[in-house]
$ cat work-v5.csv   # CSV, C-alpha atoms
chain,number,residue,atom,x,y,z
A,1,MET,CA,-92.7,269.2,-43.6
A,2,ALA,CA,-95.0,271.3,-45.9
A,3,PHE,CA,-98.7,271.7,-45.4
A,4,ASN,CA,-100.3,268.5,-46.9
A,5,THR,CA,-103.5,266.5,-47.0
A,6,THR,CA,-102.6,264.8,-43.7
A,7,LYS,CA,-102.1,268.2,-41.9
A,8,ALA,CA,-105.3,269.5,-43.5
A,9,THR,CA,-107.2,266.5,-42.2
A,10,ILE,CA,-105.7,266.9,-38.7
A,11,LEU,CA,-106.6,270.6,-38.7
A,12,ILE,CA,-110.2,270.0,-39.7
A,13,LEU,CA,-110.5,267.3,-37.0
A,14,LEU,CA,-109.0,269.5,-34.3
A,15,VAL,CA,-111.3,272.4,-35.2
A,16,GLY,CA,-114.3,270.1,-35.0
A,17,GLU,CA,-113.1,268.5,-31.7
A,18,GLY,CA,-112.3,272.0,-30.3
A,19,SER,CA,-115.7,273.4,-31.1
A,20,GLY,CA,-117.4,270.4,-29.5
A,21,VAL,CA,-115.3,270.5,-26.4
A,22,PHE,CA,-115.8,274.3,-25.9
A,23,ALA,CA,-119.5,273.8,-26.5
A,24,GLY,CA,-119.6,271.2,-23.8
A,25,PHE,CA,-118.1,273.5,-21.2
A,26,CYS,CA,-119.4,277.0,-22.2
A,27,PRO,CA,-122.6,278.5,-23.7
A,28,SER,CA,-122.5,279.8,-27.3
A,29,TRP,CA,-121.0,283.2,-28.1
A,30,PHE,CA,-124.5,284.3,-29.0
A,31,THR,CA,-125.8,283.5,-25.5
A,32,VAL,CA,-122.8,285.2,-23.9
A,33,ALA,CA,-123.5,288.4,-25.8
A,34,SER,CA,-127.2,288.4,-25.3
A,35,PRO,CA,-129.2,290.6,-22.9
A,36,PHE,CA,-130.3,287.3,-21.2
A,37,PHE,CA,-126.7,286.8,-20.0
A,38,HIS,CA,-125.8,290.4,-19.2
A,39,GLU,CA,-129.0,291.4,-17.4
A,40,GLN,CA,-128.9,288.5,-14.9
A,41,ALA,CA,-128.1,289.0,-11.2
A,42,ALA,CA,-125.9,285.9,-11.6
A,43,LYS,CA,-123.7,287.4,-14.3
A,44,ASP,CA,-120.5,287.5,-12.2
A,45,GLY,CA,-120.9,283.8,-11.3
A,46,ASN,CA,-121.6,282.9,-14.9
A,47,VAL,CA,-118.4,284.7,-16.1
A,48,LYS,CA,-116.4,282.7,-13.5
A,49,ARG,CA,-117.9,279.5,-14.8
A,50,ILE,CA,-117.2,280.4,-18.4
A,51,ARG,CA,-113.6,281.1,-17.5
A,52,ALA,CA,-113.4,277.7,-15.8
A,53,GLY,CA,-114.9,276.2,-18.9
A,54,GLU,CA,-112.3,277.9,-21.0
A,55,VAL,CA,-109.5,276.4,-18.9
A,56,ALA,CA,-111.0,272.9,-19.0
A,57,ALA,CA,-111.7,272.9,-22.7
A,58,THR,CA,-108.3,274.3,-23.5
A,59,ALA,CA,-106.6,271.5,-21.5
A,60,ILE,CA,-108.6,268.9,-23.4
A,61,VAL,CA,-108.0,270.5,-26.9
A,62,VAL,CA,-104.3,271.1,-26.3
A,63,GLY,CA,-103.9,267.6,-24.8
A,64,THR,CA,-105.4,266.2,-28.0
A,65,GLY,CA,-103.1,268.3,-30.1
A,66,TRP,CA,-100.1,267.1,-28.0
A,67,ALA,CA,-101.2,263.5,-28.4
A,68,VAL,CA,-101.6,263.9,-32.2
A,69,SER,CA,-98.3,265.7,-32.4
A,70,THR,CA,-96.5,262.5,-31.4
A,71,GLY,CA,-97.4,261.1,-34.8
A,72,GLU,CA,-96.4,261.9,-38.3
A,73,VAL,CA,-97.6,265.5,-38.4
A,74,GLY,CA,-95.3,266.5,-35.5
A,75,SER,CA,-95.7,269.7,-33.6
A,76,PHE,CA,-98.1,271.1,-36.2
A,77,ALA,CA,-101.0,269.5,-34.3
A,78,LEU,CA,-99.9,271.0,-30.9
A,79,PHE,CA,-99.6,274.5,-32.3
A,80,ALA,CA,-102.9,274.2,-34.2
A,81,SER,CA,-104.7,273.2,-31.0
A,82,ILE,CA,-103.2,276.1,-29.1
A,83,ALA,CA,-104.3,278.5,-31.9
A,84,ILE,CA,-107.8,277.0,-32.0
A,85,SER,CA,-108.2,277.4,-28.2
A,86,ALA,CA,-107.0,281.0,-28.4
A,87,VAL,CA,-109.6,281.8,-31.0
A,88,PHE,CA,-112.4,280.3,-28.8
A,89,ILE,CA,-111.2,282.1,-25.7
A,90,ALA,CA,-110.8,285.4,-27.5
A,91,GLY,CA,-114.4,285.0,-28.8
A,92,TYR,CA,-115.8,284.4,-25.3
A,93,GLU,CA,-113.9,287.3,-23.8
A,94,TYR,CA,-115.0,289.6,-26.6
A,95,GLN,CA,-118.7,288.6,-26.1
A,96,ILE,CA,-118.4,289.1,-22.3
A,97,ARG,CA,-117.1,292.6,-22.8
A,98,HIS,CA,-119.4,293.6,-25.8
A,99,PRO,CA,-123.0,292.8,-25.1
A,100,SER,CA,-125.4,292.7,-28.1
A,101,LYS,CA,-127.2,295.8,-26.7
A,102,PRO,CA,-125.8,298.7,-24.7
A,103,ALA,CA,-126.3,298.8,-21.0
A,104,GLU,CA,-129.3,300.9,-19.9
A,105,PRO,CA,-128.7,303.6,-17.4
A,106,SER,CA,-130.0,302.9,-13.9
A,107,ASN,CA,-131.4,305.3,-11.2
A,108,ALA,CA,-128.0,305.2,-9.6
A,109,ASP,CA,-126.5,306.8,-12.8
A,110,PRO,CA,-129.2,309.1,-14.2
A,111,ALA,CA,-128.9,310.5,-17.7
A,112,PRO,CA,-127.8,314.1,-17.9
A,113,GLY,CA,-130.7,316.5,-17.7
A,114,SER,CA,-133.1,313.8,-16.5
A,115,GLY,CA,-134.2,315.9,-13.5
A,116,MET,CA,-133.5,313.0,-11.1
A,117,LEU,CA,-130.9,312.7,-8.4
A,118,ALA,CA,-129.0,309.4,-8.0
A,119,TRP,CA,-131.5,308.2,-5.4
A,120,GLY,CA,-134.5,308.9,-7.5
A,121,ASN,CA,-135.8,312.2,-6.0
A,122,PRO,CA,-136.6,315.1,-8.4
A,123,THR,CA,-133.9,317.8,-8.5

$ encode --input "work-v5.csv" --output "structure tokens"
Amino acid sequence: MAFNTTKATILILLVGEGSGVFAGFCPSWFTVASPFFHEQAAKDGNVKRIRAGEVAATAIVVGTGWAVSTGEVGSFALFASIAISAVFIAGYEYQIRHPSKPAEPSNADPAPGSGMLAWGNPT
């Protein structure tokens, strides 16, 4: 079956449903990339929760795609829901690994030529 109006409608609805479900479980990509997220002491716990949200949202979105695929559009809906979930997960993982501002060096890792040893005493 070729791409038609019914498939286009299903795709639009799945994208909308996917974005709403991922938004319900995870913060925005903007928030995940922000200094607010990366400079918190709780960052590791937050990353674990985002990954749990990715799993839960993917299950719901792919489940919806599977349910829709039992109708006239066939497996298209299932494959579209998997692709939509992959785009969201890739976006979250990219934002986690690429903060919106570079990490600032700490006293434990002084800048070359700063005249400070790792524990903060002058060299």

$ atom_distance --input "work-v5.csv" --atom1 "CA of Ala42 in chain A" --atom2 "CA of Phe88 in chain A"
22.6 Å

$ closest_residue --input "work-v5.csv" --among "A:Pro99, A:Ser85, A:Glu39, A:Ala33" --to "Val61 in chain A" --atoms "all atoms listed in the file"
A:Ser85

$ residues_around --input "work-v5.csv" --residues "Ser28 in chain A" --least-positions-apart "2" --cutoff "12 Å" --atoms "all atoms listed in the file" --output "number ranges by chain"
A: 19-26, 30-34, 37, 50, 53, 88-89, 91-93, 95-96

$ residues_around --input "work-v5.csv" --residues "Glu17 in chain A" --least-positions-apart "6" --cutoff "12 Å" --atoms "all atoms listed in the file" --output "ChimeraX atom specification"
/A:10-11,23-24,57-58,60-65,80-81,84-85

$ atom_distance --input "work-v5.csv" --atom1 "CA of Pro27 in chain A" --atom2 "CA of Ala59 in chain A"
17.6 Å

$ atom_distance --input "work-v5.csv" --atom1 "CA of His98 in chain A" --atom2 "CA of Phe36 in chain A"
13.4 Å

$ closest_residue --input "work-v5.csv" --among "A:Val47, A:Val73, A:Ala90, A:Ala67" --to "Asn4 in chain A" --atoms "all atoms listed in the file"
A:Val73

$ axis_aligned_box --input "work-v5.csv" --around "range 65-79 of chain A" --padding-each-side "4 Å" --output "AutoDock Vina command-line options"
--center_x -99.2 --center_y 267.8 --center_z -33.2 --size_x 15.8 --size_y 21.4 --size_z 18.4

$ closest_residue --input "work-v5.csv" --among "A:Arg97, A:Val68, A:Phe3, A:Phe76" --to "Lys43 in chain A" --atoms "all atoms listed in the file"
A:Arg97
